[in-house]
Amino acid sequence: MNKISLYVLLILVYLGISKSFSPSEKKTPYLMSEKVFANYFKGDPLSVILMESFSTGLLIKTYHHKYKLVNAFTIPSIIIVRTSKEFWEKNLVNLGSSLFRRNERTALVSTIPMPPGSLYIGDPAYGTWEITDYGSKIWKFHRAYKNLPKTFEWGEFRPSLDFYQRMKIYQSNEKPYYGPNGEFGTNGLIRKENGMNENKKRIILPNIKVILKKFLWFPKWK
Amino acid sequence: MNELYDKLILRIIFTLLLCFIIYLYKHAHSILYPSIRHQLLKRFYPSKNSPDTIHLFSRIIGIGIIYSNFYFDMSDGILIALFKLLLESGVVIILYLGSIYIIESIVLYNFEYSDEILRRKNYAYSLICFSHSVGLAYILKTVINVSHASIIMTFFLWLFAMVLIGFSSKTFPIISKLSFNRLLVQKNMAISLAYMGFIWGQCLIISSALDHQLEDIKWYSIQVILKILLSLIIIPIFRRGLIFIFRMHDDLPVRKEENKETTVSSEVELGYGIYEGSILFTSCFLTTVITGNIQYGNFYPLF
């Protein structure tokens with residue numbers, strides 16, 4: 001019994017020391033859920049878009065999220081964080097969506113998954129509603145923010161007034177919104193059009209040819 | 001062709017120089033080991049006292065192991081190369097003899113060379129000295145390799161290694177069922193073989209823990225400690241695994257004395273010592289593979 005407790009203690013000491021000095025623990029922040037976003041992500045206007053979702057490890061997985069932090073006044077930045085399994089699984093359908101937003105004027109924060117750019121759509125400071133030839137209204141960003149559609153990876157998509165109004169209803173009901181025709185989210189039309197329709201696992205397939213070549217390597221005789 | 005002749009001459013010069021250094025090493029013994037002066041200064045007859053032969057040759061093998069890792073850099077000229085060699089050799093000889101002195105003071109504090117080898121011709125004692133000499137030489141070789149010829153780093157790493165080996169040598173009574181002092185007095189070979197496997201295993205673990213790039217002293221020390229802790233976790237698994245796979249039965253005779261089991265020391269067979277030593281040594285050898293040779297690559301990417 002003494003030996004077993006000593007062995008367990010040894011494992012705990014090893015894990016404790018390893019954890020304190022592990023580079024991945026130090027470099028990659030751990031954000032358990034959306035509740036900690038407001039404290040972790042500073043600045044406004046800010047939109048945090050989930051770009052990629054992947055896990056590493058063999059039996060005990062580590063779950064990662066890759067976020068794009070979009071502030072209309074600065075260059076977007078990318079951050080990779082570790083997260084909990086529950087939060088990771090919950091957001092498997094939300095790739096490309098904005099998971100967190102902070103409004104610059106009201107400083108209100110929202111963690112309901114919304115289409116990327118939802119923070120700026122409808123705000124006259126960033127753009128205007130333009131009437132198309134067919135009489136419908138679509139959102140157009142001002143010249144200073146013309147790069148935002150590209151940043152949000154909208155492709156050819158431009159939000160219409162109907163889209164905006166529906167989005168507001170979902171926002172007030174605190175329900176995730178993926179567009180009237182399911183344009184956003186992991187299986188959204190926009191991601192499909194851009195060839196990013198799957199939540200691809202980060203698997204680097206080994207080059208069998210190279211491995212076989214190494215196994216059968218033989219030095220030259222000259 | 002001239003260059004080839006010149007290179008050959010240089011190699012012969014270095015060989016002679018190494019012989020001279022070994023001659024100095026031999027005489028350096030008389031400072032730390034005045035009791036074995038006879039062995040070094042008089043003509044030696046290998047057949048006369050075999051334990052003494054083992055004892056002497058362990059020191060020769062040891063210095064051979066250390067020098068197996070030496071490099072001669074001629075790019076700065078022969079004088080600088082010779083100076084570096086002599087300086088490093090001086091440090092190495094002092095550290096090597098110092099480490100043998102320290103470890104023997106810790107482990108064999110109850111025994112004297114003159115009593116055990118010259119008078120009693122104790123093979124067990126000489127084999128233990130042999131295992132110390134070879135094991136410490138292996139560690140010192142790693143220390144020199146890691147320190148990149150920096151004398152300060154060699155000294156600090158040597159000190160670090162000595163602390164580790166000093167502590168680990170004290171764990172023998174915990175790991176082995178054999179009574180070290182009692183069996184050594186009885187010239188039992190089982191204890192020497194069990195101890196040899198144990199100390200060589202420990203030296204391998206420490207050497208493997210020390211053997212990685214030294215860039216940041218804090219990070220290096222943490223890595224060494226972590227590797228040793230990891231080894232302590234892995235060794236029992238290998239040990240149990242080997243015993244289970246080869247269906248070994250621990251048949252050490254025990255006697256019950258007042259609800260306490262004690263070993264009948266006089267009945268310990270040589271085979272039991274071989275079993276204990278080999279299992280420990282193999283477990284440690286396999287552990288170094290697990291602690292040092294697994295490359296995770298991008299299996300766990302760093303961001």
# chains A, B, ... in the order shown; residues from 1 in each chain; ligands from 1

call {"tool": "closest_atom_pairs", "arguments": {"of": "chain A", "to": "chain B", "cutoff": "12 Å", "atoms": "only C-alpha atoms", "output": "tab-separated table"}}
result
residue	atom	partner	partner_atom	distance
A:Lys3	CA	B:Pro236	CA	10.6
A:Ile4	CA	B:Pro236	CA	11.0
A:Leu6	CA	B:Ile233	CA	10.3
A:Tyr7	CA	B:Ile233	CA	7.1
A:Val8	CA	B:Ile233	CA	9.0
A:Leu9	CA	B:Ile233	CA	10.1
A:Leu10	CA	B:Ile233	CA	6.9
A:Ile11	CA	B:Ile233	CA	6.7
A:Leu12	CA	B:Leu229	CA	10.3
A:Val13	CA	B:Leu229	CA	8.2
A:Tyr14	CA	B:Leu229	CA	6.0
A:Leu15	CA	B:Leu226	CA	9.1
A:Gly16	CA	B:Leu226	CA	10.2
A:Ile17	CA	B:Leu226	CA	7.4
A:Ser18	CA	B:Leu226	CA	7.1
A:Lys19	CA	B:Leu226	CA	10.8
A:Ser20	CA	B:Ile222	CA	10.4
A:Phe21	CA	B:Ile222	CA	8.2
A:Ser22	CA	B:Leu302	CA	10.4
A:Pro23	CA	B:Leu302	CA	7.6
A:Ser24	CA	B:Leu302	CA	5.9
A:Glu25	CA	B:Leu302	CA	9.6
A:Lys26	CA	B:Phe303	CA	10.3
A:Lys27	CA	B:Phe303	CA	7.0
A:Thr28	CA	B:Phe303	CA	6.6
A:Pro29	CA	B:Phe303	CA	10.1
A:Phe54	CA	B:Pro301	CA	11.2
A:Ser55	CA	B:Tyr300	CA	9.6
A:Thr56	CA	B:Tyr300	CA	6.1
A:Gly57	CA	B:Tyr300	CA	6.6
A:Leu58	CA	B:Phe299	CA	8.9
A:Ile60	CA	B:Tyr300	CA	11.9
A:Lys61	CA	B:Tyr300	CA	10.2
A:Thr62	CA	B:Tyr300	CA	9.1
A:Tyr63	CA	B:Tyr300	CA	11.3
A:His64	CA	B:Phe303	CA	10.4
A:His65	CA	B:Phe303	CA	11.4
A:Lys66	CA	B:Phe303	CA	10.3
A:Ile78	CA	B:Phe303	CA	10.8
A:Ile79	CA	B:Phe303	CA	8.7
A:Ile80	CA	B:Phe303	CA	6.9
A:Val81	CA	B:Phe303	CA	8.8
A:Arg82	CA	B:Phe303	CA	10.4
A:Arg202	CA	B:Phe299	CA	9.8
A:Ile203	CA	B:Phe299	CA	9.1
A:Ile204	CA	B:Asn298	CA	8.9
A:Leu205	CA	B:Phe299	CA	11.5
A:Pro206	CA	B:Asn298	CA	11.8

call {"tool": "select_by_dssp", "arguments": {"residues": "range 135-180 of chain A", "states": "alpha helix (DSSP H)", "output": "list in words"}}
result
Leu148, Pro149, Lys150, Thr151, Leu161, Asp162, Phe163, Tyr164, Gln165, Arg166, Met167, Lys168, Ile169, Tyr170, Gln171 and Ser172 of chain A

call {"tool": "write_last_selection", "arguments": {"atoms": "N, CA and C atoms", "output": "mmCIF file, in the first residue's frame"}}
result
data_model
loop_
_atom_site.group_PDB
_atom_site.id
_atom_site.type_symbol
_atom_site.label_atom_id
_atom_site.label_comp_id
_atom_site.auth_asym_id
_atom_site.auth_seq_id
_atom_site.Cartn_x
_atom_site.Cartn_y
_atom_site.Cartn_z
ATOM 1 N N LEU A 148 -13.586 44.726 -44.876
ATOM 2 C CA LEU A 148 -14.250 43.886 -43.869
ATOM 3 C C LEU A 148 -14.946 42.641 -44.462
ATOM 4 N N PRO A 149 -15.677 42.749 -45.603
ATOM 5 C CA PRO A 149 -16.286 41.522 -46.162
ATOM 6 C C PRO A 149 -15.256 40.419 -46.418
ATOM 7 N N LYS A 150 -14.060 40.839 -46.847
ATOM 8 C CA LYS A 150 -12.992 39.864 -47.106
ATOM 9 C C LYS A 150 -12.514 39.256 -45.773
ATOM 10 N N THR A 151 -12.398 40.131 -44.765
ATOM 11 C CA THR A 151 -11.974 39.668 -43.437
ATOM 12 C C THR A 151 -12.981 38.667 -42.871
ATOM 13 N N LEU A 161 -31.519 43.581 -46.023
ATOM 14 C CA LEU A 161 -32.255 44.149 -44.891
ATOM 15 C C LEU A 161 -33.033 43.051 -44.164
ATOM 16 N N ASP A 162 -33.569 42.125 -44.960
ATOM 17 C CA ASP A 162 -34.321 41.001 -44.392
ATOM 18 C C ASP A 162 -33.415 40.166 -43.482
ATOM 19 N N PHE A 163 -32.197 39.911 -43.975
ATOM 20 C CA PHE A 163 -31.193 39.160 -43.199
ATOM 21 C C PHE A 163 -30.933 39.867 -41.871
ATOM 22 N N TYR A 164 -30.751 41.180 -41.961
ATOM 23 C CA TYR A 164 -30.434 41.986 -40.784
ATOM 24 C C TYR A 164 -31.581 41.948 -39.768
ATOM 25 N N GLN A 165 -32.813 42.101 -40.289
ATOM 26 C CA GLN A 165 -33.972 42.120 -39.389
ATOM 27 C C GLN A 165 -34.155 40.776 -38.669
ATOM 28 N N ARG A 166 -33.977 39.695 -39.426
ATOM 29 C CA ARG A 166 -34.079 38.360 -38.815
ATOM 30 C C ARG A 166 -32.980 38.165 -37.756
ATOM 31 N N MET A 167 -31.785 38.646 -38.119
ATOM 32 C CA MET A 167 -30.634 38.518 -37.206
ATOM 33 C C MET A 167 -30.928 39.214 -35.872
ATOM 34 N N LYS A 168 -31.559 40.381 -35.956
ATOM 35 C CA LYS A 168 -31.879 41.153 -34.751
ATOM 36 C C LYS A 168 -32.882 40.400 -33.873
ATOM 37 N N ILE A 169 -33.852 39.732 -34.554
ATOM 38 C CA ILE A 169 -34.865 38.959 -33.799
ATOM 39 C C ILE A 169 -34.173 37.810 -33.050
ATOM 40 N N TYR A 170 -33.292 37.112 -33.761
ATOM 41 C CA TYR A 170 -32.566 35.999 -33.134
ATOM 42 C C TYR A 170 -31.695 36.499 -31.987
ATOM 43 N N GLN A 171 -31.081 37.659 -32.214
ATOM 44 C CA GLN A 171 -30.204 38.235 -31.180
ATOM 45 C C GLN A 171 -31.008 38.550 -29.917
ATOM 46 N N SER A 172 -32.182 39.144 -30.124
ATOM 47 C CA SER A 172 -32.991 39.504 -28.951
ATOM 48 C C SER A 172 -33.538 38.245 -28.258
#

call {"tool": "select_by_dssp", "arguments": {"residues": "range 18-61 of chain A", "states": "strand (DSSP E)", "output": "count of residues only"}}
result
13

call {"tool": "closest_residue", "arguments": {"among": "B:Ile21, B:Ala124, B:Met74, B:Val134", "to": "Ser89 in chain B", "atoms": "only C-alpha atoms"}}
result
B:Ile21

call {"tool": "atom_distance", "arguments": {"atom1": "CA of Gly96 in chain A", "atom2": "CA of Thr186 in chain A"}}
result
6.7 Å

call {"tool": "residues_around", "arguments": {"residues": "Glu174 in chain A", "least_positions_apart": "5", "cutoff": "9 Å", "atoms": "only C-alpha atoms", "output": "list in words"}}
result
Ser110, Thr111, Ile112 and Ile169 of chain A

call {"tool": "write_last_selection", "arguments": {"atoms": "N, CA and C atoms", "output": "PDB file, in the first residue's frame"}}
result
ATOM      1  N   SER A 110     -21.892  40.149 -26.315  1.00  0.00           N
ATOM      2  CA  SER A 110     -22.805  39.070 -26.668  1.00  0.00           C
ATOM      3  C   SER A 110     -21.991  37.827 -27.003  1.00  0.00           C
ATOM      4  N   THR A 111     -22.461  36.686 -26.550  1.00  0.00           N
ATOM      5  CA  THR A 111     -21.740  35.422 -26.826  1.00  0.00           C
ATOM      6  C   THR A 111     -22.629  34.437 -27.590  1.00  0.00           C
ATOM      7  N   ILE A 112     -23.676  34.943 -28.203  1.00  0.00           N
ATOM      8  CA  ILE A 112     -24.545  34.081 -29.018  1.00  0.00           C
ATOM      9  C   ILE A 112     -23.901  33.963 -30.410  1.00  0.00           C
ATOM     10  N   ILE A 169     -33.852  39.732 -34.554  1.00  0.00           N
ATOM     11  CA  ILE A 169     -34.865  38.959 -33.799  1.00  0.00           C
ATOM     12  C   ILE A 169     -34.173  37.810 -33.050  1.00  0.00           C
TER      13      ILE A 169
END

call {"tool": "atom_distance", "arguments": {"atom1": "CA of Asn71 in chain A", "atom2": "CA of Pro45 in chain A"}}
result
5.6 Å

call {"tool": "residues_around", "arguments": {"residues": "range 173-185 of chain B", "least_positions_apart": "2", "cutoff": "10 Å", "atoms": "only C-alpha atoms", "output": "VMD selection string"}}
result
chain B and resid 107 to 111 116 120 122 to 125 128 169 to 171 187 to 192 194 to 195 198 252 254 262 to 268 272 to 273 276 to 277 280

call {"tool": "write_last_selection", "arguments": {"atoms": "C-alpha atoms", "output": "PDB file, in the first residue's frame"}}
result
ATOM      1  CA  VAL B 107      28.794   3.330  -0.479  1.00  0.00           C
ATOM      2  CA  LEU B 108      31.829   1.542   0.919  1.00  0.00           C
ATOM      3  CA  TYR B 109      32.356   3.586   4.077  1.00  0.00           C
ATOM      4  CA  ASN B 110      32.641   0.384   6.153  1.00  0.00           C
ATOM      5  CA  PHE B 111      35.321  -1.169   3.965  1.00  0.00           C
ATOM      6  CA  GLU B 116      39.239  -6.215   1.344  1.00  0.00           C
ATOM      7  CA  ARG B 120      40.937 -10.808   2.064  1.00  0.00           C
ATOM      8  CA  ASN B 122      37.311  -9.974  -1.823  1.00  0.00           C
ATOM      9  CA  TYR B 123      35.996 -10.354  -5.413  1.00  0.00           C
ATOM     10  CA  ALA B 124      32.644  -8.836  -4.456  1.00  0.00           C
ATOM     11  CA  TYR B 125      34.355  -5.659  -3.262  1.00  0.00           C
ATOM     12  CA  ILE B 128      31.623  -3.107  -6.829  1.00  0.00           C
ATOM     13  CA  SER B 169      23.221   4.973  -4.500  1.00  0.00           C
ATOM     14  CA  LYS B 170      21.469   5.287  -1.140  1.00  0.00           C
ATOM     15  CA  THR B 171      18.295   3.757  -2.591  1.00  0.00           C
ATOM     16  CA  LYS B 187      32.428 -12.044  -0.016  1.00  0.00           C
ATOM     17  CA  ASN B 188      29.111 -13.003  -1.591  1.00  0.00           C
ATOM     18  CA  MET B 189      29.251 -12.448  -5.362  1.00  0.00           C
ATOM     19  CA  ALA B 190      25.453 -12.145  -5.606  1.00  0.00           C
ATOM     20  CA  ILE B 191      25.544  -8.754  -3.895  1.00  0.00           C
ATOM     21  CA  SER B 192      28.264  -7.443  -6.215  1.00  0.00           C
ATOM     22  CA  ALA B 194      23.039  -7.113  -8.011  1.00  0.00           C
ATOM     23  CA  TYR B 195      24.760  -3.852  -7.090  1.00  0.00           C
ATOM     24  CA  PHE B 198      21.757  -1.320  -9.969  1.00  0.00           C
ATOM     25  CA  LEU B 252      15.272 -15.677  -1.969  1.00  0.00           C
ATOM     26  CA  VAL B 254      13.688 -15.745   4.118  1.00  0.00           C
ATOM     27  CA  THR B 262      14.791 -11.287   7.121  1.00  0.00           C
ATOM     28  CA  THR B 263      16.932 -12.777   4.399  1.00  0.00           C
ATOM     29  CA  VAL B 264      19.177 -15.693   5.145  1.00  0.00           C
ATOM     30  CA  SER B 265      22.219 -13.934   3.815  1.00  0.00           C
ATOM     31  CA  SER B 266      24.622 -16.857   3.676  1.00  0.00           C
ATOM     32  CA  GLU B 267      22.252 -18.768   1.394  1.00  0.00           C
ATOM     33  CA  VAL B 268      22.017 -16.129  -1.333  1.00  0.00           C
ATOM     34  CA  TYR B 272      19.799 -14.343  -7.441  1.00  0.00           C
ATOM     35  CA  GLY B 273      22.340 -11.531  -7.739  1.00  0.00           C
ATOM     36  CA  GLU B 276      18.381  -8.695  -9.510  1.00  0.00           C
ATOM     37  CA  GLY B 277      21.209  -6.924 -11.316  1.00  0.00           C
ATOM     38  CA  LEU B 280      17.407  -3.566 -12.817  1.00  0.00           C
TER      39      LEU B 280
END

call {"tool": "closest_residue", "arguments": {"among": "B:Gln213, B:Ser168, B:Asn293, B:Ser126", "to": "Ser50 in chain B", "atoms": "only C-alpha atoms"}}
result
B:Ser126

call {"tool": "residues_around", "arguments": {"residues": "Leu214 in chain B", "least_positions_apart": "5", "cutoff": "9 Å", "atoms": "only C-alpha atoms", "output": "JSON, numbers by chain"}}
result
{"B": [146, 147, 148, 219, 220]}

call {"tool": "residues_around", "arguments": {"residues": "Met153 in chain B", "least_positions_apart": "3", "cutoff": "12 Å", "atoms": "only C-alpha atoms", "output": "PyMOL selection string"}}
result
chain B and resi 91+143-150+156-161+214-217+220

call {"tool": "write_last_selection", "arguments": {"atoms": "N, CA and C atoms", "output": "CSV table (one decimal), in the first residue's frame"}}
result
chain,number,residue,atom,x,y,z
B,91,VAL,N,41.4,18.6,-15.8
B,91,VAL,CA,40.1,18.7,-15.1
B,91,VAL,C,39.4,17.4,-15.0
B,143,VAL,N,28.8,14.4,-19.2
B,143,VAL,CA,29.0,15.7,-18.7
B,143,VAL,C,29.9,16.6,-19.6
B,144,ILE,N,31.0,16.0,-20.0
B,144,ILE,CA,32.0,16.7,-20.8
B,144,ILE,C,31.3,17.0,-22.2
B,145,ASN,N,30.6,16.0,-22.7
B,145,ASN,CA,29.9,16.2,-24.0
B,145,ASN,C,28.9,17.4,-23.9
B,146,VAL,N,28.1,17.4,-22.8
B,146,VAL,CA,27.1,18.4,-22.7
B,146,VAL,C,27.7,19.8,-22.5
B,147,SER,N,28.7,19.9,-21.7
B,147,SER,CA,29.3,21.2,-21.3
B,147,SER,C,30.1,21.9,-22.4
B,148,HIS,N,30.3,21.2,-23.5
B,148,HIS,CA,31.0,21.7,-24.7
B,148,HIS,C,32.4,22.3,-24.3
B,149,ALA,N,33.1,21.6,-23.5
B,149,ALA,CA,34.5,21.9,-23.1
B,149,ALA,C,34.6,23.2,-22.2
B,150,SER,N,33.4,23.6,-21.7
B,150,SER,CA,33.5,24.8,-20.7
B,150,SER,C,33.8,24.2,-19.4
B,156,PHE,N,30.1,22.3,-12.7
B,156,PHE,CA,28.7,22.4,-12.2
B,156,PHE,C,27.9,21.2,-12.5
B,157,LEU,N,28.0,20.7,-13.8
B,157,LEU,CA,27.3,19.5,-14.2
B,157,LEU,C,27.8,18.3,-13.4
B,158,TRP,N,29.1,18.3,-13.2
B,158,TRP,CA,29.7,17.1,-12.4
B,158,TRP,C,29.1,17.1,-11.0
B,159,LEU,N,29.1,18.3,-10.4
B,159,LEU,CA,28.5,18.4,-9.0
B,159,LEU,C,27.1,18.0,-9.0
B,160,PHE,N,26.3,18.4,-10.0
B,160,PHE,CA,24.9,18.1,-10.1
B,160,PHE,C,24.8,16.5,-10.2
B,161,ALA,N,25.6,16.0,-11.1
B,161,ALA,CA,25.6,14.5,-11.4
B,161,ALA,C,26.0,13.8,-10.1
B,214,LEU,N,22.3,22.1,-23.7
B,214,LEU,CA,22.4,23.0,-22.6
B,214,LEU,C,22.4,24.5,-23.1
B,215,GLU,N,21.3,25.1,-23.1
B,215,GLU,CA,21.2,26.5,-23.5
B,215,GLU,C,20.8,27.4,-22.4
B,216,ASP,N,19.8,27.0,-21.6
B,216,ASP,CA,19.4,27.8,-20.5
B,216,ASP,C,19.5,27.0,-19.3
B,217,ILE,N,20.2,27.4,-18.3
B,217,ILE,CA,20.6,26.6,-17.1
B,217,ILE,C,19.3,26.2,-16.3
B,220,TYR,N,17.4,23.6,-18.4
B,220,TYR,CA,18.1,22.4,-18.4
B,220,TYR,C,17.9,21.6,-17.1

call {"tool": "residues_around", "arguments": {"residues": "Glu86 in chain A", "least_positions_apart": "5", "cutoff": "10 Å", "atoms": "only C-alpha atoms", "output": "ChimeraX atom specification"}}
result
/A:32-33,63,91

call {"tool": "decode", "arguments": {"residues": "range 37-64 of chain A", "atoms": "N, CA and C atoms", "output": "mmCIF file, in the first residue's frame"}}
result
data_model
loop_
_atom_site.group_PDB
_atom_site.id
_atom_site.type_symbol
_atom_site.label_atom_id
_atom_site.label_comp_id
_atom_site.auth_asym_id
_atom_site.auth_seq_id
_atom_site.Cartn_x
_atom_site.Cartn_y
_atom_site.Cartn_z
ATOM 1 N N PHE A 37 -14.805 34.978 -22.189
ATOM 2 C CA PHE A 37 -14.411 35.798 -23.347
ATOM 3 C C PHE A 37 -14.311 37.282 -22.999
ATOM 4 N N ALA A 38 -15.326 37.791 -22.283
ATOM 5 C CA ALA A 38 -15.377 39.229 -21.985
ATOM 6 C C ALA A 38 -14.141 39.680 -21.202
ATOM 7 N N ASN A 39 -13.662 38.822 -20.313
ATOM 8 C CA ASN A 39 -12.476 39.181 -19.524
ATOM 9 C C ASN A 39 -11.198 39.027 -20.318
ATOM 10 N N TYR A 40 -11.192 38.030 -21.200
ATOM 11 C CA TYR A 40 -9.943 37.736 -21.921
ATOM 12 C C TYR A 40 -9.732 38.663 -23.115
ATOM 13 N N PHE A 41 -10.783 38.871 -23.907
ATOM 14 C CA PHE A 41 -10.635 39.697 -25.115
ATOM 15 C C PHE A 41 -10.935 41.153 -24.779
ATOM 16 N N LYS A 42 -9.914 41.981 -24.931
ATOM 17 C CA LYS A 42 -10.054 43.401 -24.589
ATOM 18 C C LYS A 42 -10.295 44.219 -25.867
ATOM 19 N N GLY A 43 -10.774 45.427 -25.666
ATOM 20 C CA GLY A 43 -10.928 46.369 -26.771
ATOM 21 C C GLY A 43 -12.302 46.308 -27.406
ATOM 22 N N ASP A 44 -12.683 47.363 -28.102
ATOM 23 C CA ASP A 44 -13.938 47.409 -28.846
ATOM 24 C C ASP A 44 -13.800 48.376 -30.022
ATOM 25 N N PRO A 45 -14.570 48.237 -31.075
ATOM 26 C CA PRO A 45 -15.537 47.189 -31.357
ATOM 27 C C PRO A 45 -14.802 45.895 -31.717
ATOM 28 N N LEU A 46 -15.239 44.813 -31.128
ATOM 29 C CA LEU A 46 -14.499 43.554 -31.324
ATOM 30 C C LEU A 46 -15.450 42.412 -31.675
ATOM 31 N N SER A 47 -15.006 41.639 -32.651
ATOM 32 C CA SER A 47 -15.769 40.453 -33.033
ATOM 33 C C SER A 47 -14.788 39.275 -33.071
ATOM 34 N N VAL A 48 -15.104 38.208 -32.337
ATOM 35 C CA VAL A 48 -14.225 37.028 -32.290
ATOM 36 C C VAL A 48 -14.856 35.947 -33.159
ATOM 37 N N ILE A 49 -14.161 35.595 -34.238
ATOM 38 C CA ILE A 49 -14.718 34.631 -35.196
ATOM 39 C C ILE A 49 -13.984 33.299 -35.074
ATOM 40 N N LEU A 50 -14.764 32.247 -34.985
ATOM 41 C CA LEU A 50 -14.179 30.908 -34.887
ATOM 42 C C LEU A 50 -13.752 30.457 -36.282
ATOM 43 N N MET A 51 -12.430 30.308 -36.457
ATOM 44 C CA MET A 51 -11.897 29.963 -37.782
ATOM 45 C C MET A 51 -11.712 28.454 -37.952
ATOM 46 N N GLU A 52 -11.202 27.840 -36.897
ATOM 47 C CA GLU A 52 -10.854 26.419 -37.002
ATOM 48 C C GLU A 52 -11.080 25.764 -35.653
ATOM 49 N N SER A 53 -11.378 24.503 -35.686
ATOM 50 C CA SER A 53 -11.650 23.761 -34.470
ATOM 51 C C SER A 53 -10.963 22.412 -34.617
ATOM 52 N N PHE A 54 -10.009 22.119 -33.735
ATOM 53 C CA PHE A 54 -9.286 20.840 -33.878
ATOM 54 C C PHE A 54 -8.840 20.320 -32.517
ATOM 55 N N SER A 55 -8.526 19.038 -32.490
ATOM 56 C CA SER A 55 -8.061 18.437 -31.236
ATOM 57 C C SER A 55 -6.731 17.741 -31.473
ATOM 58 N N THR A 56 -5.902 17.684 -30.418
ATOM 59 C CA THR A 56 -4.619 16.984 -30.507
ATOM 60 C C THR A 56 -4.553 15.947 -29.383
ATOM 61 N N GLY A 57 -3.639 14.992 -29.532
ATOM 62 C CA GLY A 57 -3.478 13.966 -28.498
ATOM 63 C C GLY A 57 -4.046 12.646 -28.949
ATOM 64 N N LEU A 58 -3.727 11.598 -28.176
ATOM 65 C CA LEU A 58 -4.147 10.249 -28.564
ATOM 66 C C LEU A 58 -5.377 9.793 -27.780
ATOM 67 N N LEU A 59 -5.212 9.629 -26.476
ATOM 68 C CA LEU A 59 -6.347 9.156 -25.669
ATOM 69 C C LEU A 59 -7.001 10.310 -24.920
ATOM 70 N N ILE A 60 -6.165 11.147 -24.320
ATOM 71 C CA ILE A 60 -6.712 12.308 -23.615
ATOM 72 C C ILE A 60 -6.485 13.509 -24.524
ATOM 73 N N LYS A 61 -7.553 13.951 -25.140
ATOM 74 C CA LYS A 61 -7.439 14.992 -26.171
ATOM 75 C C LYS A 61 -7.331 16.385 -25.553
ATOM 76 N N THR A 62 -6.648 17.255 -26.289
ATOM 77 C CA THR A 62 -6.652 18.676 -25.964
ATOM 78 C C THR A 62 -7.439 19.345 -27.089
ATOM 79 N N TYR A 63 -8.383 20.174 -26.699
ATOM 80 C CA TYR A 63 -9.275 20.789 -27.698
ATOM 81 C C TYR A 63 -8.851 22.229 -27.959
ATOM 82 N N HIS A 64 -8.749 22.553 -29.242
ATOM 83 C CA HIS A 64 -8.269 23.879 -29.625
ATOM 84 C C HIS A 64 -9.289 24.618 -30.483
#
